[in-house]
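**Student:** Contents are mmCIF, C-alpha atoms; file name final_27.cif:
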data_start
loop_
_atom_site.group_PDB
_atom_site.id
_atom_site.type_symbol
_atom_site.label_atom_id
_atom_site.label_comp_id
_atom_site.auth_asym_id
_atom_site.auth_seq_id
_atom_site.Cartn_x
_atom_site.Cartn_y
_atom_site.Cartn_z
ATOM 1 C CA MET A 1 10.849 -15.555 -40.533
ATOM 2 C CA HIS A 2 7.277 -14.242 -40.250
ATOM 3 C CA ILE A 3 4.384 -16.639 -39.582
ATOM 4 C CA LYS A 4 0.804 -15.491 -40.317
ATOM 5 C CA ARG A 5 -2.048 -16.004 -37.854
ATOM 6 C CA THR A 6 -3.775 -18.322 -40.323
ATOM 7 C CA GLU A 7 -1.475 -21.191 -39.221
ATOM 8 C CA THR A 8 -3.366 -22.081 -36.011
ATOM 9 C CA HIS A 9 -4.620 -25.109 -34.104
ATOM 10 C CA THR A 10 -7.020 -25.538 -31.161
ATOM 11 C CA ALA A 11 -5.670 -28.571 -29.301
ATOM 12 C CA TRP A 12 -2.294 -29.786 -28.040
ATOM 13 C CA ASP A 13 -1.219 -32.916 -29.888
ATOM 14 C CA ARG A 14 2.205 -34.501 -30.333
ATOM 15 C CA GLU A 15 1.105 -35.749 -33.766
ATOM 16 C CA LEU A 16 0.626 -32.282 -35.289
ATOM 17 C CA ALA A 17 2.959 -31.568 -38.191
ATOM 18 C CA PRO A 18 5.212 -28.547 -37.595
ATOM 19 C CA ILE A 19 4.689 -25.556 -39.851
ATOM 20 C CA THR A 20 8.393 -24.710 -39.795
ATOM 21 C CA VAL A 21 11.672 -25.762 -38.176
ATOM 22 C CA LEU A 22 13.816 -23.454 -36.031
ATOM 23 C CA ALA A 23 17.456 -23.778 -35.053
ATOM 24 C CA ARG A 24 18.864 -22.805 -31.669
ATOM 25 C CA GLY A 25 19.171 -19.043 -31.478
ATOM 26 C CA ASP A 26 16.664 -18.356 -34.260
ATOM 27 C CA GLU A 27 14.356 -15.357 -34.040
ATOM 28 C CA LEU A 28 10.776 -15.625 -35.239
ATOM 29 C CA THR A 29 7.867 -13.221 -35.718
ATOM 30 C CA VAL A 30 4.512 -14.853 -35.015
ATOM 31 C CA GLU A 31 1.042 -13.425 -35.597
ATOM 32 C CA THR A 32 -1.615 -14.633 -33.146
ATOM 33 C CA THR A 33 -5.396 -14.366 -33.280
ATOM 34 C CA GLU A 34 -7.633 -13.232 -30.424
ATOM 35 C CA ALA A 35 -8.890 -15.842 -27.976
ATOM 36 C CA SER A 36 -12.324 -16.438 -29.501
ATOM 37 C CA GLY A 37 -10.775 -17.489 -32.782
ATOM 38 C CA GLY A 38 -12.875 -15.028 -34.762
ATOM 39 C CA GLN A 39 -16.161 -15.799 -33.004
ATOM 40 C CA LEU A 40 -16.183 -12.265 -31.538
ATOM 41 C CA THR A 41 -15.525 -9.072 -33.476
ATOM 42 C CA ALA A 42 -15.345 -5.358 -32.708
ATOM 43 C CA GLY A 43 -19.082 -5.247 -33.433
ATOM 44 C CA SER A 44 -20.120 -8.173 -31.232
ATOM 45 C CA VAL A 45 -22.763 -7.998 -28.474
ATOM 46 C CA ALA A 46 -23.374 -9.975 -25.283
ATOM 47 C CA ALA A 47 -25.514 -12.576 -27.057
ATOM 48 C CA ASP A 48 -22.453 -13.564 -29.096
ATOM 49 C CA VAL A 49 -20.630 -14.420 -25.853
ATOM 50 C CA ALA A 50 -23.372 -16.873 -24.886
ATOM 51 C CA ALA A 51 -22.923 -18.631 -28.234
ATOM 52 C CA LEU A 52 -19.146 -19.157 -27.925
ATOM 53 C CA ASP A 53 -17.921 -22.605 -28.924
ATOM 54 C CA PHE A 54 -15.230 -23.506 -26.355
ATOM 55 C CA GLY A 55 -13.786 -26.022 -28.805
ATOM 56 C CA ARG A 56 -12.612 -23.060 -30.893
ATOM 57 C CA VAL A 57 -11.216 -20.812 -28.150
ATOM 58 C CA ASN A 58 -7.544 -20.044 -27.516
ATOM 59 C CA PRO A 59 -6.264 -20.939 -30.986
ATOM 60 C CA VAL A 60 -2.472 -20.927 -31.074
ATOM 61 C CA THR A 61 -0.088 -20.342 -33.952
ATOM 62 C CA GLY A 62 2.265 -23.255 -34.617
ATOM 63 C CA PRO A 63 3.598 -25.744 -33.916
ATOM 64 C CA PHE A 64 7.277 -24.937 -34.432
ATOM 65 C CA ARG A 65 9.832 -27.731 -34.321
ATOM 66 C CA ILE A 66 13.087 -26.784 -32.578
ATOM 67 C CA GLU A 67 16.142 -28.603 -33.916
ATOM 68 C CA GLY A 68 17.953 -30.611 -31.264
ATOM 69 C CA ALA A 69 15.217 -30.305 -28.624
ATOM 70 C CA ARG A 70 14.609 -33.658 -26.935
ATOM 71 C CA PRO A 71 12.617 -34.880 -23.938
ATOM 72 C CA GLY A 72 14.428 -33.859 -20.766
ATOM 73 C CA ASP A 73 15.797 -30.648 -22.299
ATOM 74 C CA ALA A 74 14.733 -27.095 -21.468
ATOM 75 C CA LEU A 75 13.295 -24.861 -24.163
ATOM 76 C CA VAL A 76 14.270 -21.233 -23.522
ATOM 77 C CA ILE A 77 11.994 -18.623 -25.119
ATOM 78 C CA ASP A 78 12.931 -14.945 -25.024
ATOM 79 C CA ILE A 79 9.945 -12.660 -25.686
ATOM 80 C CA ILE A 80 11.511 -9.760 -27.561
ATOM 81 C CA ASP A 81 8.351 -7.798 -28.315
ATOM 82 C CA VAL A 82 4.552 -8.060 -28.318
ATOM 83 C CA ALA A 83 2.579 -5.616 -30.503
ATOM 84 C CA VAL A 84 -1.159 -5.824 -29.808
ATOM 85 C CA GLY A 85 -4.106 -5.044 -32.062
ATOM 86 C CA THR A 86 -6.341 -1.974 -32.248
ATOM 87 C CA TRP A 87 -9.285 -3.500 -30.366
ATOM 88 C CA GLY A 88 -9.933 -6.157 -27.758
ATOM 89 C CA TRP A 89 -12.769 -7.769 -25.842
ATOM 90 C CA THR A 90 -13.451 -8.601 -22.203
ATOM 91 C CA ALA A 91 -16.417 -10.696 -21.121
ATOM 92 C CA CYS A 92 -18.376 -12.546 -18.507
ATOM 93 C CA ILE A 93 -18.866 -15.993 -20.039
ATOM 94 C CA PRO A 94 -21.687 -18.034 -18.438
ATOM 95 C CA GLY A 95 -20.273 -20.786 -16.239
ATOM 96 C CA PHE A 96 -16.702 -19.466 -16.486
ATOM 97 C CA GLY A 97 -14.584 -17.306 -14.167
ATOM 98 C CA LEU A 98 -13.900 -17.069 -10.447
ATOM 99 C CA LEU A 99 -17.329 -15.569 -9.664
ATOM 100 C CA ALA A 100 -19.363 -17.464 -12.270
ATOM 101 C CA ASP A 101 -22.216 -17.974 -9.781
ATOM 102 C CA ASP A 102 -22.351 -14.246 -9.016
ATOM 103 C CA PHE A 103 -22.388 -13.201 -12.672
ATOM 104 C CA PRO A 104 -24.315 -15.890 -14.608
ATOM 105 C CA ASP A 105 -25.363 -13.729 -17.570
ATOM 106 C CA PRO A 106 -23.214 -12.967 -20.632
ATOM 107 C CA HIS A 107 -21.650 -9.516 -20.659
ATOM 108 C CA LEU A 108 -19.233 -7.983 -23.151
ATOM 109 C CA ARG A 109 -17.087 -4.890 -23.407
ATOM 110 C CA ILE A 110 -15.152 -3.973 -26.560
ATOM 111 C CA SER A 111 -12.024 -1.897 -25.931
ATOM 112 C CA ALA A 112 -10.387 0.478 -28.379
ATOM 113 C CA ILE A 113 -6.610 0.156 -28.036
ATOM 114 C CA ALA A 114 -4.501 3.219 -28.853
ATOM 115 C CA GLY A 115 -1.762 5.353 -27.344
ATOM 116 C CA GLY A 116 -0.734 2.738 -24.813
ATOM 117 C CA ARG A 117 -4.234 2.536 -23.276
ATOM 118 C CA ALA A 118 -7.229 0.221 -23.651
ATOM 119 C CA GLU A 119 -10.629 1.888 -23.109
ATOM 120 C CA LEU A 120 -12.609 -0.722 -21.176
ATOM 121 C CA LEU A 121 -15.556 1.603 -20.449
ATOM 122 C CA PRO A 122 -16.359 5.054 -21.811
ATOM 123 C CA GLY A 123 -13.921 7.370 -20.071
ATOM 124 C CA LEU A 124 -12.128 4.527 -18.250
ATOM 125 C CA SER A 125 -8.970 3.127 -19.779
ATOM 126 C CA VAL A 126 -6.280 0.838 -18.410
ATOM 127 C CA PRO A 127 -2.583 0.804 -19.311
ATOM 128 C CA VAL A 128 -1.594 -1.578 -22.079
ATOM 129 C CA VAL A 129 0.786 -4.179 -20.627
ATOM 130 C CA PRO A 130 1.013 -6.779 -23.414
ATOM 131 C CA MET A 131 1.376 -10.455 -22.552
ATOM 132 C CA ILE A 132 0.995 -13.922 -24.054
ATOM 133 C CA GLY A 133 -1.715 -15.946 -22.345
ATOM 134 C CA THR A 134 -1.098 -19.315 -24.001
ATOM 135 C CA ILE A 135 2.367 -20.595 -24.891
ATOM 136 C CA GLY A 136 3.591 -24.146 -24.584
ATOM 137 C CA VAL A 137 4.961 -27.318 -26.114
ATOM 138 C CA ALA A 138 3.305 -30.606 -27.015
ATOM 139 C CA PRO A 139 2.650 -33.033 -24.139
ATOM 140 C CA PRO A 140 4.222 -36.491 -24.494
ATOM 141 C CA GLU A 141 0.871 -38.160 -23.809
ATOM 142 C CA ALA A 142 -1.240 -39.025 -26.860
ATOM 143 C CA GLY A 143 -3.688 -36.252 -27.686
ATOM 144 C CA PRO A 144 -5.623 -34.236 -28.512
ATOM 145 C CA HIS A 145 -5.649 -32.187 -25.287
ATOM 146 C CA SER A 146 -7.854 -29.152 -24.553
ATOM 147 C CA MET A 147 -6.370 -25.674 -24.823
ATOM 148 C CA VAL A 148 -8.196 -24.413 -21.717
ATOM 149 C CA PRO A 149 -6.235 -25.864 -18.751
ATOM 150 C CA PRO A 150 -2.498 -25.206 -18.315
ATOM 151 C CA ARG A 151 -0.092 -28.099 -17.824
ATOM 152 C CA ARG A 152 3.502 -28.869 -16.902
ATOM 153 C CA TRP A 153 4.277 -28.218 -20.581
ATOM 154 C CA GLY A 154 2.902 -24.668 -20.469
ATOM 155 C CA GLY A 155 -0.217 -23.807 -22.427
ATOM 156 C CA ASN A 156 -2.834 -21.466 -20.988
ATOM 157 C CA LEU A 157 -0.587 -20.249 -18.166
ATOM 158 C CA ASP A 158 -2.047 -16.702 -18.126
ATOM 159 C CA ILE A 159 0.988 -15.350 -16.262
ATOM 160 C CA ARG A 160 0.780 -11.665 -17.064
ATOM 161 C CA HIS A 161 4.562 -11.261 -16.859
ATOM 162 C CA ILE A 162 5.108 -13.340 -20.023
ATOM 163 C CA GLY A 163 5.480 -10.211 -22.103
ATOM 164 C CA PRO A 164 8.144 -8.076 -23.764
ATOM 165 C CA GLY A 165 11.578 -8.662 -22.285
ATOM 166 C CA ALA A 166 10.582 -11.774 -20.334
ATOM 167 C CA ARG A 167 12.115 -15.229 -20.618
ATOM 168 C CA LEU A 168 10.058 -18.427 -20.382
ATOM 169 C CA ILE A 169 11.710 -21.794 -19.722
ATOM 170 C CA LEU A 170 9.652 -24.904 -20.525
ATOM 171 C CA PRO A 171 10.378 -28.620 -20.179
ATOM 172 C CA VAL A 172 10.533 -30.429 -23.521
ATOM 173 C CA GLY A 173 8.191 -33.418 -23.729
ATOM 174 C CA VAL A 174 8.606 -34.623 -27.333
ATOM 175 C CA GLU A 175 11.237 -34.554 -30.065
ATOM 176 C CA GLY A 176 11.432 -31.037 -31.465
ATOM 177 C CA ALA A 177 9.356 -29.580 -28.592
ATOM 178 C CA LEU A 178 6.551 -28.401 -30.970
ATOM 179 C CA LEU A 179 6.129 -24.875 -29.628
ATOM 180 C CA SER A 180 2.888 -22.918 -30.178
ATOM 181 C CA LEU A 181 1.547 -19.622 -28.827
ATOM 182 C CA GLY A 182 -1.513 -17.361 -28.843
ATOM 183 C CA ASP A 183 -4.184 -15.813 -26.583
ATOM 184 C CA ALA A 184 -2.502 -12.412 -26.272
ATOM 185 C CA HIS A 185 -3.843 -9.780 -23.902
ATOM 186 C CA ALA A 186 -3.436 -6.015 -24.064
ATOM 187 C CA ALA A 187 -3.988 -6.034 -20.286
ATOM 188 C CA MET A 188 -4.758 -8.629 -17.630
ATOM 189 C CA GLY A 189 -4.687 -8.715 -13.848
ATOM 190 C CA ASP A 190 -3.030 -11.504 -11.876
ATOM 191 C CA GLY A 191 -5.804 -14.052 -11.469
ATOM 192 C CA GLU A 192 -7.800 -12.949 -14.545
ATOM 193 C CA VAL A 193 -10.833 -13.238 -12.282
ATOM 194 C CA SER A 194 -13.598 -13.023 -14.915
ATOM 195 C CA GLY A 195 -11.731 -15.479 -17.131
ATOM 196 C CA THR A 196 -10.827 -12.827 -19.708
ATOM 197 C CA GLY A 197 -8.334 -9.989 -20.043
ATOM 198 C CA VAL A 198 -8.422 -7.484 -22.867
ATOM 199 C CA GLU A 199 -8.327 -10.262 -25.458
ATOM 200 C CA THR A 200 -6.684 -9.186 -28.702
ATOM 201 C CA GLU A 201 -4.628 -10.260 -31.678
ATOM 202 C CA ALA A 202 -0.893 -9.649 -31.564
ATOM 203 C CA THR A 203 2.401 -9.870 -33.394
ATOM 204 C CA VAL A 204 5.064 -11.502 -31.233
ATOM 205 C CA ARG A 205 8.811 -11.518 -31.819
ATOM 206 C CA LEU A 206 10.719 -14.225 -29.961
ATOM 207 C CA ARG A 207 13.992 -16.138 -29.837
ATOM 208 C CA VAL A 208 14.429 -19.827 -28.977
ATOM 209 C CA ASP A 209 17.270 -21.831 -27.487
ATOM 210 C CA VAL A 210 17.740 -25.277 -25.919
ATOM 211 C CA ARG A 211 19.507 -26.298 -22.713
ATOM 212 C CA THR A 212 20.415 -29.967 -22.884
ATOM 213 C CA GLY A 213 19.152 -32.096 -20.004
ATOM 214 C CA ALA A 214 17.973 -29.063 -18.026
ATOM 215 C CA ALA A 215 14.179 -29.456 -18.113
ATOM 216 C CA PRO A 216 12.491 -27.698 -15.188
ATOM 217 C CA LYS A 217 9.766 -29.582 -13.322
ATOM 218 C CA THR A 218 7.294 -26.850 -14.237
ATOM 219 C CA PRO A 219 7.499 -23.635 -16.321
ATOM 220 C CA ILE A 220 9.811 -20.875 -15.101
ATOM 221 C CA VAL A 221 9.500 -17.170 -15.941
ATOM 222 C CA GLU A 222 12.206 -14.531 -15.683
ATOM 223 C CA THR A 223 10.263 -11.265 -15.602
ATOM 224 C CA HIS A 224 11.208 -7.860 -16.992
ATOM 225 C CA PRO A 225 10.356 -4.325 -15.775
ATOM 226 C CA ARG A 226 8.256 -3.806 -18.910
ATOM 227 C CA THR A 227 5.774 -6.385 -17.593
ATOM 228 C CA GLN A 228 5.268 -4.668 -14.225
ATOM 229 C CA ARG A 229 2.666 -2.142 -13.099
ATOM 230 C CA THR A 230 3.259 0.500 -10.451
ATOM 231 C CA GLY A 231 1.212 2.981 -8.455
ATOM 232 C CA ALA A 232 -0.650 3.313 -5.169
ATOM 233 C CA ALA A 233 -3.347 0.665 -4.883
ATOM 234 C CA LEU A 234 -6.507 -0.238 -3.014
ATOM 235 C CA ALA A 235 -6.252 -3.780 -1.587
ATOM 236 C CA THR A 236 -9.194 -5.809 -0.316
ATOM 237 C CA THR A 237 -8.717 -9.125 1.459
ATOM 238 C CA GLY A 238 -10.075 -12.610 1.946
ATOM 239 C CA VAL A 239 -9.076 -14.474 5.112
ATOM 240 C CA GLY A 240 -9.656 -18.143 5.911
ATOM 241 C CA PRO A 241 -8.382 -21.715 5.729
ATOM 242 C CA ASP A 242 -9.141 -22.186 2.030
ATOM 243 C CA LEU A 243 -7.143 -20.211 -0.551
ATOM 244 C CA MET A 244 -9.854 -20.467 -3.216
ATOM 245 C CA ALA A 245 -12.528 -19.213 -0.829
ATOM 246 C CA ALA A 246 -10.216 -16.394 0.265
ATOM 247 C CA ALA A 247 -9.626 -15.449 -3.382
ATOM 248 C CA VAL A 248 -13.393 -15.332 -3.936
ATOM 249 C CA ASP A 249 -13.905 -13.192 -0.826
ATOM 250 C CA ALA A 250 -11.127 -10.751 -1.766
ATOM 251 C CA THR A 251 -12.516 -10.392 -5.294
ATOM 252 C CA ARG A 252 -16.100 -9.899 -4.131
ATOM 253 C CA SER A 253 -14.938 -7.257 -1.671
ATOM 254 C CA LEU A 254 -12.992 -5.452 -4.399
ATOM 255 C CA ILE A 255 -16.016 -5.405 -6.701
ATOM 256 C CA GLU A 256 -18.176 -3.987 -3.903
ATOM 257 C CA GLU A 257 -15.547 -1.325 -3.155
ATOM 258 C CA ILE A 258 -15.196 -0.309 -6.812
ATOM 259 C CA SER A 259 -18.954 -0.014 -7.174
ATOM 260 C CA SER A 260 -19.424 1.961 -3.970
ATOM 261 C CA ARG A 261 -16.617 4.388 -4.774
ATOM 262 C CA THR A 262 -17.429 4.970 -8.453
ATOM 263 C CA GLY A 263 -21.050 3.958 -9.033
ATOM 264 C CA MET A 264 -19.872 1.424 -11.601
ATOM 265 C CA ALA A 265 -22.167 -1.527 -12.253
ATOM 266 C CA PRO A 266 -20.908 -4.645 -10.426
ATOM 267 C CA THR A 267 -20.557 -6.565 -13.718
ATOM 268 C CA ASP A 268 -18.269 -3.892 -15.142
ATOM 269 C CA ALA A 269 -16.373 -3.718 -11.852
ATOM 270 C CA TYR A 270 -15.798 -7.469 -12.241
ATOM 271 C CA LEU A 271 -14.357 -6.943 -15.725
ATOM 272 C CA LEU A 272 -12.155 -4.088 -14.475
ATOM 273 C CA ALA A 273 -10.827 -6.385 -11.749
ATOM 274 C CA SER A 274 -10.074 -9.046 -14.362
ATOM 275 C CA VAL A 275 -8.000 -6.744 -16.580
ATOM 276 C CA ALA A 276 -6.316 -4.526 -13.985
ATOM 277 C CA ALA A 277 -6.424 -5.991 -10.446
ATOM 278 C CA ASP A 278 -3.852 -8.425 -9.072
ATOM 279 C CA LEU A 279 -4.704 -11.320 -6.756
ATOM 280 C CA LYS A 280 -1.825 -12.015 -4.392
ATOM 281 C CA ILE A 281 -1.235 -14.619 -1.706
ATOM 282 C CA SER A 282 -0.268 -12.262 1.088
ATOM 283 C CA GLU A 283 0.071 -14.797 3.907
ATOM 284 C CA VAL A 284 0.246 -18.582 3.887
ATOM 285 C CA VAL A 285 2.124 -19.378 7.120
ATOM 286 C CA ASP A 286 -0.131 -18.382 10.009
ATOM 287 C CA VAL A 287 -2.096 -21.583 10.552
ATOM 288 C CA PRO A 288 -5.016 -22.113 10.165
ATOM 289 C CA ASN A 289 -5.955 -19.034 8.126
ATOM 290 C CA TRP A 290 -4.398 -17.634 4.955
ATOM 291 C CA VAL A 291 -4.760 -14.157 3.416
ATOM 292 C CA VAL A 292 -5.417 -13.365 -0.239
ATOM 293 C CA SER A 293 -5.438 -9.694 -1.269
ATOM 294 C CA ALA A 294 -6.807 -8.077 -4.427
ATOM 295 C CA HIS A 295 -4.910 -4.948 -5.508
ATOM 296 C CA LEU A 296 -6.237 -2.283 -7.897
ATOM 297 C CA GLU A 297 -4.417 0.952 -8.687
ATOM 298 C CA LEU A 298 -6.195 3.894 -7.101
ATOM 299 C CA ASP A 299 -5.854 5.977 -10.269
ATOM 300 C CA LEU A 300 -8.448 3.738 -11.913
ATOM 301 C CA LEU A 301 -11.062 4.732 -9.328
ATOM 302 C CA HIS A 302 -10.966 8.463 -9.994
#
Have the structure of the file written as structure tokens, please.
**Tutor:**
Amino acid sequence: MHIKRTETHTAWDRELAPITVLARGDELTVETTEASGGQLTAGSVAADVAALDFGRVNPVTGPFRIEGARPGDALVIDIIDVAVGTWGWTACIPGFGLLADDFPDPHLRISAIAGGRAELLPGLSVPVVPMIGTIGVAPPEAGPHSMVPPRRWGGNLDIRHIGPGARLILPVGVEGALLSLGDAHAAMGDGEVSGTGVETEATVRLRVDVRTGAAPKTPIVETHPRTQRTGAALATTGVGPDLMAAAVDATRSLIEEISSRTGMAPTDAYLLASVAADLKISEVVDVPNWVVSAHLELDLLH
């Protein structure tokens, strides 16, 4: 079964009618649209970012009703493959992102995607590591609910390891689960610090199953080597009693280091960090201060 990207919605709602019904073990090919929902194109400019309507972002394809899925069950989703589009976008959106106060102006980069690389800046490309940013089931609470925040039921999880070969396990909240997905990225760093990865359309192949009475408390991901990145990295740090403040400090330090080593404009360094750097909690036991580190592969600084 192949579902076109025209079958989308922009809010989670248990009352949405399913576009098709799947049985346990069924495979499905799903087309997804890029995260702006058509508001940005390969020819867009920064002014178009400032005009984004957040009520239209992160459209997802679905929902799909899963036969036999009931509240309290686990929905098991195997991501067989993710084929991304030929272009993507990465942006600073005013008021959005970890360093929104540092970068208040709209900024946009359009990436050509080819040969397993996404060209973020002229002469600077990052490896394509496809992933699904938004995937979830309908909440049991009456809707509609915004697509932007993630929930126990999945949604805008932005876990970069939800890509080819991975398995996602979600709690089922309503009869039939009502699965939907979208917001694919050709590349994204852990943390997605600017609020955007390389946002692109995609064609996703997946398989669904149900485990009776086995709902996890929150989503679980079984990762796959295809979703990993390797290579020597530069790591900057943030240290202090507040994890959010430490994440901000580590990210600011990374942007400064990228700019000083390459001459890259800080705004573009911010976007590079969002699509290719990983925020990690390195230490959370040595009271009263914790350590967050921001890792970027050294090859991207040459």
**Student:** Looking at A:Gly25, A:Gly85, A:Gly240, A:Pro219, which one is nearest to Pro171 of chain A, with distances taken over only C-alpha atoms?
**Tutor:**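 Ranking A:Gly25, A:Gly85, A:Gly240, A:Pro219 by distance to Pro171 of chain A, first place goes to A:Pro219.
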**Student:** Any idea what's packed within 9 Å of Trp153 of chain A, counting all atoms listed in the file, ignoring anything in its chain fewer than 6 positions away? Could you give it as a VMD selection string?
**Tutor:** chain A and resid 135 to 139 170 to 173 218 to 219
**Student:** Here's the selection I'm unsure about, the PyMOL selection byres ((chain A and resi 202) around 6); applied to the file above, which residues does it give, as an mmCIF file with C-alpha atoms, keeping the file's coordinate frame?
**Tutor:**
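The result, written out as expr-v7.cif:
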data_model
loop_
_atom_site.group_PDB
_atom_site.id
_atom_site.type_symbol
_atom_site.label_atom_id
_atom_site.label_comp_id
_atom_site.auth_asym_id
_atom_site.auth_seq_id
_atom_site.Cartn_x
_atom_site.Cartn_y
_atom_site.Cartn_z
ATOM 1 C CA GLU A 31 1.042 -13.425 -35.597
ATOM 2 C CA THR A 32 -1.615 -14.633 -33.146
ATOM 3 C CA ALA A 83 2.579 -5.616 -30.503
ATOM 4 C CA VAL A 84 -1.159 -5.824 -29.808
ATOM 5 C CA GLY A 85 -4.106 -5.044 -32.062
ATOM 6 C CA GLU A 201 -4.628 -10.260 -31.678
ATOM 7 C CA THR A 203 2.401 -9.870 -33.394
#
**Student:** Closest to Arg152 of chain A among A:Leu254, A:Ala91, A:Ile132, A:Ala215, using only C-alpha atoms?
**Tutor:** A:Ala215
**Student:** Pick out the closest residue to Gly72 of chain A from this set: A:Leu272, A:Val174, A:Val57, A:Leu121. Count all atoms listed in the file.
**Tutor:**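 Selected residue with least distance to Gly72 of chain A: A:Val174.
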**Student:** Using the chain letters and numbers from this file, what does the PyMOL selection byres ((chain A and resi 8-16) around 10) select? Give the answer as a ChimeraX atom specification.
**Tutor:** /A:4-7,17-19,31-33,37,54-64,136-148,155,173-182
**Student:** Would you list the contacts of segment 280-287 of chain A as a list in words, taking every protein, DNA or RNA residue within 10 Å and counting only C-alpha atoms, but skipping same-chain residues closer than 5 positions in sequence?
**Tutor:**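 Contacts, in chain order: Asp190, Gly191, Ala235, Thr237, Gly238, Val239, Gly240, Pro241, Leu243, Ala246, Ala247, Ala250, Val292, Ser293, Ala294 and His295 of chain A.
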**Student:** Might you pull out every residue within 10 Å of Arg229 of chain A, with all atoms listed in the file counted and same-chain residues fewer than 2 positions away left off, and present them as a list in words?
**Tutor:**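 Selected residues are Pro127, Val128, Val129, Gly189, Pro225, Arg226, Thr227, Gly231, Ala276, Asp278 and Glu297 of chain A.
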**Student:** Missing atoms in segment 3-19 of chain A need filling: write out N, CA and C atoms for it as a PDB file, keeping the file's coordinate frame.
**Tutor:**
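Result went into part.pdb, see below:
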ATOM      1  N   ILE A   3       5.453 -15.654 -39.473  1.00  0.00           N
ATOM      2  CA  ILE A   3       4.384 -16.639 -39.582  1.00  0.00           C
ATOM      3  C   ILE A   3       3.038 -15.944 -39.402  1.00  0.00           C
ATOM      4  N   LYS A   4       2.119 -16.126 -40.357  1.00  0.00           N
ATOM      5  CA  LYS A   4       0.804 -15.491 -40.317  1.00  0.00           C
ATOM      6  C   LYS A   4      -0.114 -16.183 -39.307  1.00  0.00           C
ATOM      7  N   ARG A   5      -1.128 -15.457 -38.854  1.00  0.00           N
ATOM      8  CA  ARG A   5      -2.048 -16.004 -37.854  1.00  0.00           C
ATOM      9  C   ARG A   5      -3.040 -17.004 -38.444  1.00  0.00           C
ATOM     10  N   THR A   6      -2.924 -17.296 -39.719  1.00  0.00           N
ATOM     11  CA  THR A   6      -3.775 -18.322 -40.323  1.00  0.00           C
ATOM     12  C   THR A   6      -3.293 -19.735 -39.998  1.00  0.00           C
ATOM     13  N   GLU A   7      -2.055 -19.871 -39.511  1.00  0.00           N
ATOM     14  CA  GLU A   7      -1.475 -21.191 -39.221  1.00  0.00           C
ATOM     15  C   GLU A   7      -1.741 -21.544 -37.756  1.00  0.00           C
ATOM     16  N   THR A   8      -3.006 -21.863 -37.414  1.00  0.00           N
ATOM     17  CA  THR A   8      -3.366 -22.081 -36.011  1.00  0.00           C
ATOM     18  C   THR A   8      -3.925 -23.476 -35.781  1.00  0.00           C
ATOM     19  N   HIS A   9      -3.951 -23.870 -34.501  1.00  0.00           N
ATOM     20  CA  HIS A   9      -4.620 -25.109 -34.104  1.00  0.00           C
ATOM     21  C   HIS A   9      -5.273 -24.890 -32.743  1.00  0.00           C
ATOM     22  N   THR A  10      -6.212 -25.758 -32.366  1.00  0.00           N
ATOM     23  CA  THR A  10      -7.020 -25.538 -31.161  1.00  0.00           C
ATOM     24  C   THR A  10      -6.937 -26.691 -30.164  1.00  0.00           C
ATOM     25  N   ALA A  11      -5.904 -27.513 -30.281  1.00  0.00           N
ATOM     26  CA  ALA A  11      -5.670 -28.571 -29.301  1.00  0.00           C
ATOM     27  C   ALA A  11      -4.182 -28.895 -29.294  1.00  0.00           C
ATOM     28  N   TRP A  12      -3.675 -29.320 -28.124  1.00  0.00           N
ATOM     29  CA  TRP A  12      -2.294 -29.786 -28.040  1.00  0.00           C
ATOM     30  C   TRP A  12      -2.249 -31.246 -28.496  1.00  0.00           C
ATOM     31  N   ASP A  13      -1.300 -31.547 -29.367  1.00  0.00           N
ATOM     32  CA  ASP A  13      -1.219 -32.916 -29.888  1.00  0.00           C
ATOM     33  C   ASP A  13       0.195 -33.157 -30.417  1.00  0.00           C
ATOM     34  N   ARG A  14       0.838 -34.177 -29.912  1.00  0.00           N
ATOM     35  CA  ARG A  14       2.205 -34.501 -30.333  1.00  0.00           C
ATOM     36  C   ARG A  14       2.278 -34.944 -31.787  1.00  0.00           C
ATOM     37  N   GLU A  15       1.130 -35.275 -32.385  1.00  0.00           N
ATOM     38  CA  GLU A  15       1.105 -35.749 -33.766  1.00  0.00           C
ATOM     39  C   GLU A  15       0.961 -34.624 -34.790  1.00  0.00           C
ATOM     40  N   LEU A  16       0.778 -33.395 -34.347  1.00  0.00           N
ATOM     41  CA  LEU A  16       0.626 -32.282 -35.289  1.00  0.00           C
ATOM     42  C   LEU A  16       1.924 -32.063 -36.070  1.00  0.00           C
ATOM     43  N   ALA A  17       1.782 -31.842 -37.362  1.00  0.00           N
ATOM     44  CA  ALA A  17       2.959 -31.568 -38.191  1.00  0.00           C
ATOM     45  C   ALA A  17       3.420 -30.138 -37.972  1.00  0.00           C
ATOM     46  N   PRO A  18       4.718 -29.921 -37.790  1.00  0.00           N
ATOM     47  CA  PRO A  18       5.212 -28.547 -37.595  1.00  0.00           C
ATOM     48  C   PRO A  18       5.063 -27.723 -38.863  1.00  0.00           C
ATOM     49  N   ILE A  19       4.826 -26.421 -38.686  1.00  0.00           N
ATOM     50  CA  ILE A  19       4.689 -25.556 -39.851  1.00  0.00           C
ATOM     51  C   ILE A  19       6.037 -25.011 -40.296  1.00  0.00           C
TER      52      ILE A  19
END
